[in-house]
Amino acid sequence: MSNENTQKSRTKESALETKPLYEKHGKWPRALSVSDLTANLYAVNMRIKDACIRVNRSPSEVRLLPVSKTMDTDHIRMAYKAGCRYLGENKIQEAWSKAQNLSDLTDLQWSIIGHLQTNKAKYVAHFASEFQALDNLRIAEALDKHLQKEGKGLDVFVQVNTSEEESKYGLAPEAVPEFIQHLAPYQTLRVKGLMTLAEFSSQPERIRMCFSRLRCLRDQLQNDTPQGANLTELSMGMSGDFEIAIEEGATVVRVGQAIFGARALPDEHYWPKEY
């Protein structure tokens, strides 16, 4: 075996040894100051760098999206001082209120990463720069209508339920190719890639399967997408599992608790089981 192939084999073996940090879920220390947030951002970026090194990727290929859900405006202002200029939010009402209260931070951008109802699409069209949870054509139509009124476009990710859990939103993987074809008429929507949430499991191989499945789907779709849809991006991985996601090709990682600390509200508040 050549030295290059030996190195690749060792890199793959090292990556497969990566374990999730789910045991820290709900236990991450709360950031109380700008210095806390600065330190946490540094630690997360080092984790990103180390994961990239394990699979011979450049850290510049991975965008960190800090997730500020439940954080009040004072904490978000601290995060801004620590360098955050792009924040992710799950609930549109919460995000809209924060965007209004922080309108003086003119270069702060918002990514909506949670389920959206059609009657809330007008808010996303008005203030968001990105929507990462597109999984039905009703939302696409509503967003397009309001974006046309605003005279702007919106970066979107198609959400895929790679774990096939009934409790999660997102399209079944086999439904994604046809769905993307149907997005072609909505020219205000710039389809950038795919998004998924992994299974919350103690078995790393089950988590990795969710991420590798999304990457394989993206790769299959890249040669057969409508004009305007480049499908280069993969948004996958959160505080406890983003290193595995990076090893499987993530270009965006959505990190909340490892930056801001544990939240007071349960996960069901953000991913309700009912529409």
# chains A, B, ... in the order shown; residues from 1 in each chain; ligands from 1
call {"tool": "residues_around", "arguments": {"residues": "segment 157-168 of chain A", "least_positions_apart": "6", "cutoff": "8 Å", "atoms": "only C-alpha atoms", "output": "short mmCIF file (atom, residue, chain, number, x, y, z; two decimals) with N, CA and C atoms, in the first residue's frame"}}
result
data_model
loop_
_atom_site.label_atom_id
_atom_site.label_comp_id
_atom_site.auth_asym_id
_atom_site.auth_seq_id
_atom_site.Cartn_x
_atom_site.Cartn_y
_atom_site.Cartn_z
N PHE A 131 -33.37 30.32 4.82
CA PHE A 131 -34.38 29.42 5.39
C PHE A 131 -33.91 27.99 5.16
N GLN A 132 -33.72 27.25 6.25
CA GLN A 132 -33.09 25.94 6.13
C GLN A 132 -34.06 24.77 6.31
N ALA A 133 -35.36 25.01 6.32
CA ALA A 133 -36.30 23.93 6.63
C ALA A 133 -37.41 23.81 5.59
N LEU A 134 -37.08 23.98 4.34
CA LEU A 134 -38.09 23.88 3.29
C LEU A 134 -38.40 22.42 3.00
N ASP A 135 -39.67 22.04 3.20
CA ASP A 135 -40.03 20.64 2.96
C ASP A 135 -41.42 20.46 2.37
N VAL A 176 -37.07 13.70 -2.47
CA VAL A 176 -36.34 14.95 -2.68
C VAL A 176 -36.12 15.29 -4.15
N VAL A 191 -31.94 27.73 -4.17
CA VAL A 191 -31.74 26.44 -3.51
C VAL A 191 -30.24 26.17 -3.39
N LYS A 192 -29.75 26.16 -2.16
CA LYS A 192 -28.32 26.03 -1.91
C LYS A 192 -27.88 24.63 -1.53
N GLY A 193 -28.79 23.85 -0.96
CA GLY A 193 -28.38 22.53 -0.51
C GLY A 193 -29.44 21.83 0.29
N LEU A 194 -29.00 20.88 1.11
CA LEU A 194 -29.89 20.04 1.91
C LEU A 194 -29.56 20.20 3.39
N MET A 195 -30.58 19.95 4.22
CA MET A 195 -30.42 20.02 5.68
C MET A 195 -31.03 18.79 6.33
N THR A 196 -30.41 18.34 7.43
CA THR A 196 -30.99 17.22 8.18
C THR A 196 -30.61 17.32 9.65
N LEU A 197 -31.39 16.60 10.48
CA LEU A 197 -31.07 16.38 11.89
C LEU A 197 -30.82 14.89 12.06
N ALA A 198 -29.72 14.55 12.70
CA ALA A 198 -29.41 13.14 12.89
C ALA A 198 -30.26 12.54 14.00
N GLU A 199 -30.32 11.24 14.00
CA GLU A 199 -30.96 10.52 15.10
C GLU A 199 -30.18 10.78 16.39
N CYS A 210 -27.03 8.97 9.13
CA CYS A 210 -27.91 10.08 8.74
C CYS A 210 -27.16 11.11 7.91
N PHE A 211 -25.94 11.41 8.32
CA PHE A 211 -25.14 12.41 7.62
C PHE A 211 -24.62 11.88 6.27
N ARG A 213 -25.96 9.65 4.49
CA ARG A 213 -27.11 9.52 3.60
C ARG A 213 -27.44 10.84 2.92
N LEU A 214 -27.34 11.93 3.67
CA LEU A 214 -27.61 13.25 3.08
C LEU A 214 -26.54 13.59 2.05
N SER A 235 -26.19 21.26 5.37
CA SER A 235 -26.33 21.77 6.72
C SER A 235 -26.69 20.60 7.62
N TRP A 271 -39.10 21.51 18.23
CA TRP A 271 -39.48 20.53 17.22
C TRP A 271 -40.74 19.81 17.66
N PRO A 272 -41.88 20.51 17.67
CA PRO A 272 -43.14 19.88 18.12
C PRO A 272 -43.50 18.72 17.21
N LYS A 273 -44.20 17.75 17.78
CA LYS A 273 -44.54 16.56 17.02
C LYS A 273 -45.78 16.74 16.17
#
call {"tool": "select_by_dssp", "arguments": {"residues": "segment 35-230 of chain A", "states": "alpha helix (DSSP H)", "output": "MDAnalysis selection string"}}
result
chainID A and resid 35:54 73:81 92:101 121:127 137:150 176:182 204:221
call {"tool": "closest_residue", "arguments": {"among": "A:Arg30, A:Arg190, A:Arg138, A:His182", "to": "Leu154 of chain A", "atoms": "only C-alpha atoms"}}
result
A:Arg190
call {"tool": "residues_around", "arguments": {"residues": "segment 56-61 of chain A", "least_positions_apart": "4", "cutoff": "9 Å", "atoms": "only C-alpha atoms", "output": "PDB file with C-alpha atoms, in the first residue's frame"}}
result
ATOM      1  CA  LYS A   8      -6.188   7.904   3.827  1.00  0.00           C
ATOM      2  CA  THR A  11      -7.659   9.136   8.427  1.00  0.00           C
ATOM      3  CA  ASN A  45     -13.935  26.484  16.001  1.00  0.00           C
ATOM      4  CA  ILE A  48     -14.317  22.185  13.649  1.00  0.00           C
ATOM      5  CA  LYS A  49     -10.634  22.486  12.749  1.00  0.00           C
ATOM      6  CA  ASP A  50      -9.741  19.154  14.349  1.00  0.00           C
ATOM      7  CA  ALA A  51     -12.617  17.358  12.600  1.00  0.00           C
ATOM      8  CA  CYS A  52     -11.536  18.812   9.253  1.00  0.00           C
ATOM      9  CA  ILE A 246     -18.019  17.435   9.222  1.00  0.00           C
ATOM     10  CA  GLU A 247     -16.316  14.088   8.680  1.00  0.00           C
ATOM     11  CA  GLY A 249     -19.120  16.436   4.430  1.00  0.00           C
ATOM     12  CA  ALA A 250     -21.078  19.125   6.313  1.00  0.00           C
ATOM     13  CA  THR A 251     -20.560  22.651   4.994  1.00  0.00           C
ATOM     14  CA  VAL A 252     -22.782  24.286   7.641  1.00  0.00           C
TER      15      VAL A 252
END
call {"tool": "residues_around", "arguments": {"residues": "segment 85-91 of chain A", "least_positions_apart": "5", "cutoff": "8 Å", "atoms": "only C-alpha atoms", "output": "VMD selection string"}}
result
chain A and resid 65 to 69 80 107 to 116 254 270
call {"tool": "write_last_selection", "arguments": {"atoms": "all heavy atoms", "output": "compact mmCIF listing (two decimals), in the first residue's frame"}}
result
# COMPACT_ATOMS: atom_id res chain seq x y z
N LEU A 65 -22.83 28.22 12.12
CA LEU A 65 -24.04 29.00 12.31
C LEU A 65 -24.43 28.91 13.80
O LEU A 65 -25.00 27.92 14.24
CB LEU A 65 -25.19 28.47 11.45
CG LEU A 65 -26.54 29.15 11.64
CD1 LEU A 65 -26.46 30.64 11.30
CD2 LEU A 65 -27.62 28.47 10.80
N PRO A 66 -24.11 29.94 14.59
CA PRO A 66 -24.53 29.94 15.99
C PRO A 66 -26.06 30.02 16.08
O PRO A 66 -26.69 30.81 15.37
CB PRO A 66 -23.88 31.21 16.56
CG PRO A 66 -22.75 31.51 15.61
CD PRO A 66 -23.27 31.10 14.27
N VAL A 67 -26.64 29.20 16.95
CA VAL A 67 -28.09 29.14 17.10
C VAL A 67 -28.48 29.80 18.41
O VAL A 67 -28.10 29.33 19.49
CB VAL A 67 -28.59 27.69 17.04
CG1 VAL A 67 -30.10 27.62 17.27
CG2 VAL A 67 -28.23 27.06 15.69
N SER A 68 -29.24 30.88 18.32
CA SER A 68 -29.50 31.73 19.48
C SER A 68 -30.91 31.56 20.06
O SER A 68 -31.36 32.40 20.84
CB SER A 68 -29.29 33.20 19.09
OG SER A 68 -30.04 33.54 17.94
N LYS A 69 -31.60 30.48 19.72
CA LYS A 69 -32.96 30.29 20.23
C LYS A 69 -32.96 30.28 21.76
O LYS A 69 -32.04 29.75 22.38
CB LYS A 69 -33.55 28.99 19.69
CG LYS A 69 -32.80 27.73 20.07
CD LYS A 69 -33.38 26.54 19.34
CE LYS A 69 -32.68 25.26 19.77
NZ LYS A 69 -33.13 24.09 19.00
N TYR A 80 -22.85 39.25 19.51
CA TYR A 80 -22.44 40.15 18.43
C TYR A 80 -21.07 40.74 18.74
O TYR A 80 -20.19 40.80 17.87
CB TYR A 80 -23.49 41.25 18.27
CG TYR A 80 -23.21 42.22 17.15
CD1 TYR A 80 -23.65 41.95 15.86
CD2 TYR A 80 -22.52 43.42 17.39
CE1 TYR A 80 -23.39 42.86 14.82
CE2 TYR A 80 -22.26 44.31 16.37
CZ TYR A 80 -22.71 44.02 15.09
OH TYR A 80 -22.44 44.90 14.07
N ASP A 107 -25.70 44.77 10.36
CA ASP A 107 -25.05 43.69 9.62
C ASP A 107 -25.32 42.32 10.24
O ASP A 107 -24.70 41.33 9.84
CB ASP A 107 -23.54 43.93 9.50
CG ASP A 107 -22.85 44.04 10.85
OD1 ASP A 107 -23.55 44.30 11.86
OD2 ASP A 107 -21.61 43.89 10.90
N LEU A 108 -26.25 42.25 11.18
CA LEU A 108 -26.64 40.97 11.77
C LEU A 108 -27.67 40.30 10.89
O LEU A 108 -28.70 40.90 10.56
CB LEU A 108 -27.20 41.18 13.18
CG LEU A 108 -27.59 39.93 13.97
CD1 LEU A 108 -26.40 39.01 14.16
CD2 LEU A 108 -28.19 40.33 15.32
N GLN A 109 -27.40 39.05 10.48
CA GLN A 109 -28.30 38.33 9.58
C GLN A 109 -28.92 37.13 10.30
O GLN A 109 -28.35 36.60 11.25
CB GLN A 109 -27.54 37.86 8.34
CG GLN A 109 -26.95 38.98 7.51
CD GLN A 109 -26.33 38.48 6.24
OE1 GLN A 109 -27.01 38.05 5.31
NE2 GLN A 109 -25.01 38.52 6.17
N TRP A 110 -30.09 36.70 9.79
CA TRP A 110 -30.87 35.67 10.46
C TRP A 110 -31.14 34.49 9.53
O TRP A 110 -31.53 34.67 8.38
CB TRP A 110 -32.19 36.25 10.95
CG TRP A 110 -32.02 37.38 11.90
CD1 TRP A 110 -31.95 38.72 11.60
CD2 TRP A 110 -31.84 37.29 13.33
NE1 TRP A 110 -31.76 39.45 12.75
CE2 TRP A 110 -31.69 38.60 13.82
CE3 TRP A 110 -31.81 36.21 14.21
CZ2 TRP A 110 -31.50 38.87 15.17
CZ3 TRP A 110 -31.63 36.49 15.56
CH2 TRP A 110 -31.47 37.79 16.03
N SER A 111 -30.96 33.31 10.08
CA SER A 111 -31.28 32.06 9.36
C SER A 111 -32.39 31.36 10.13
O SER A 111 -32.25 31.09 11.33
CB SER A 111 -30.04 31.16 9.28
OG SER A 111 -30.37 29.91 8.71
N ILE A 112 -33.50 31.07 9.47
CA ILE A 112 -34.61 30.34 10.11
C ILE A 112 -34.38 28.86 9.84
O ILE A 112 -34.34 28.42 8.68
CB ILE A 112 -35.96 30.79 9.55
CG1 ILE A 112 -36.12 32.31 9.72
CG2 ILE A 112 -37.10 30.05 10.26
CD1 ILE A 112 -35.96 32.80 11.15
N ILE A 113 -34.25 28.08 10.92
CA ILE A 113 -33.86 26.68 10.77
C ILE A 113 -34.95 25.72 11.26
O ILE A 113 -34.74 24.51 11.31
CB ILE A 113 -32.54 26.39 11.52
CG1 ILE A 113 -32.69 26.66 13.02
CG2 ILE A 113 -31.41 27.22 10.93
CD1 ILE A 113 -31.46 26.29 13.83
N GLY A 114 -36.13 26.28 11.61
CA GLY A 114 -37.21 25.43 12.11
C GLY A 114 -38.43 25.45 11.20
O GLY A 114 -38.53 26.25 10.25
N HIS A 115 -39.37 24.57 11.50
CA HIS A 115 -40.59 24.42 10.72
C HIS A 115 -41.33 25.76 10.60
O HIS A 115 -41.40 26.53 11.55
CB HIS A 115 -41.49 23.38 11.37
CG HIS A 115 -42.81 23.22 10.68
ND1 HIS A 115 -42.92 22.64 9.44
CD2 HIS A 115 -44.06 23.57 11.07
CE1 HIS A 115 -44.19 22.63 9.08
NE2 HIS A 115 -44.91 23.18 10.05
N LEU A 116 -41.90 26.00 9.42
CA LEU A 116 -42.57 27.26 9.13
C LEU A 116 -44.00 27.00 8.65
O LEU A 116 -44.22 26.14 7.81
CB LEU A 116 -41.79 28.03 8.06
CG LEU A 116 -42.34 29.39 7.64
CD1 LEU A 116 -42.22 30.39 8.79
CD2 LEU A 116 -41.57 29.91 6.41
N ARG A 254 -24.85 23.77 12.76
CA ARG A 254 -25.74 24.62 13.53
C ARG A 254 -25.49 24.36 15.03
O ARG A 254 -25.91 23.34 15.56
CB ARG A 254 -27.19 24.30 13.17
CG ARG A 254 -27.45 24.29 11.66
CD ARG A 254 -28.89 23.93 11.31
NE ARG A 254 -29.34 22.67 11.87
CZ ARG A 254 -29.15 21.47 11.32
NH1 ARG A 254 -28.49 21.38 10.16
NH2 ARG A 254 -29.60 20.38 11.89
N TYR A 270 -39.16 23.31 20.33
CA TYR A 270 -38.63 23.75 19.04
C TYR A 270 -38.95 22.78 17.91
O TYR A 270 -39.07 23.17 16.75
CB TYR A 270 -37.11 23.93 19.16
CG TYR A 270 -36.84 25.00 20.17
CD1 TYR A 270 -36.54 24.67 21.48
CD2 TYR A 270 -36.99 26.32 19.83
CE1 TYR A 270 -36.35 25.65 22.42
CE2 TYR A 270 -36.81 27.32 20.78
CZ TYR A 270 -36.49 26.98 22.07
OH TYR A 270 -36.34 27.95 23.00
call {"tool": "closest_residue", "arguments": {"among": "A:Thr188, A:Pro177, A:Trp96, A:Asp241", "to": "Ser201 of chain A", "atoms": "only C-alpha atoms"}}
result
A:Asp241
call {"tool": "atom_distance", "arguments": {"atom1": "atom CA of Ala82 of chain A", "atom2": "atom CA of Asp36 of chain A"}}
result
9.0 Å
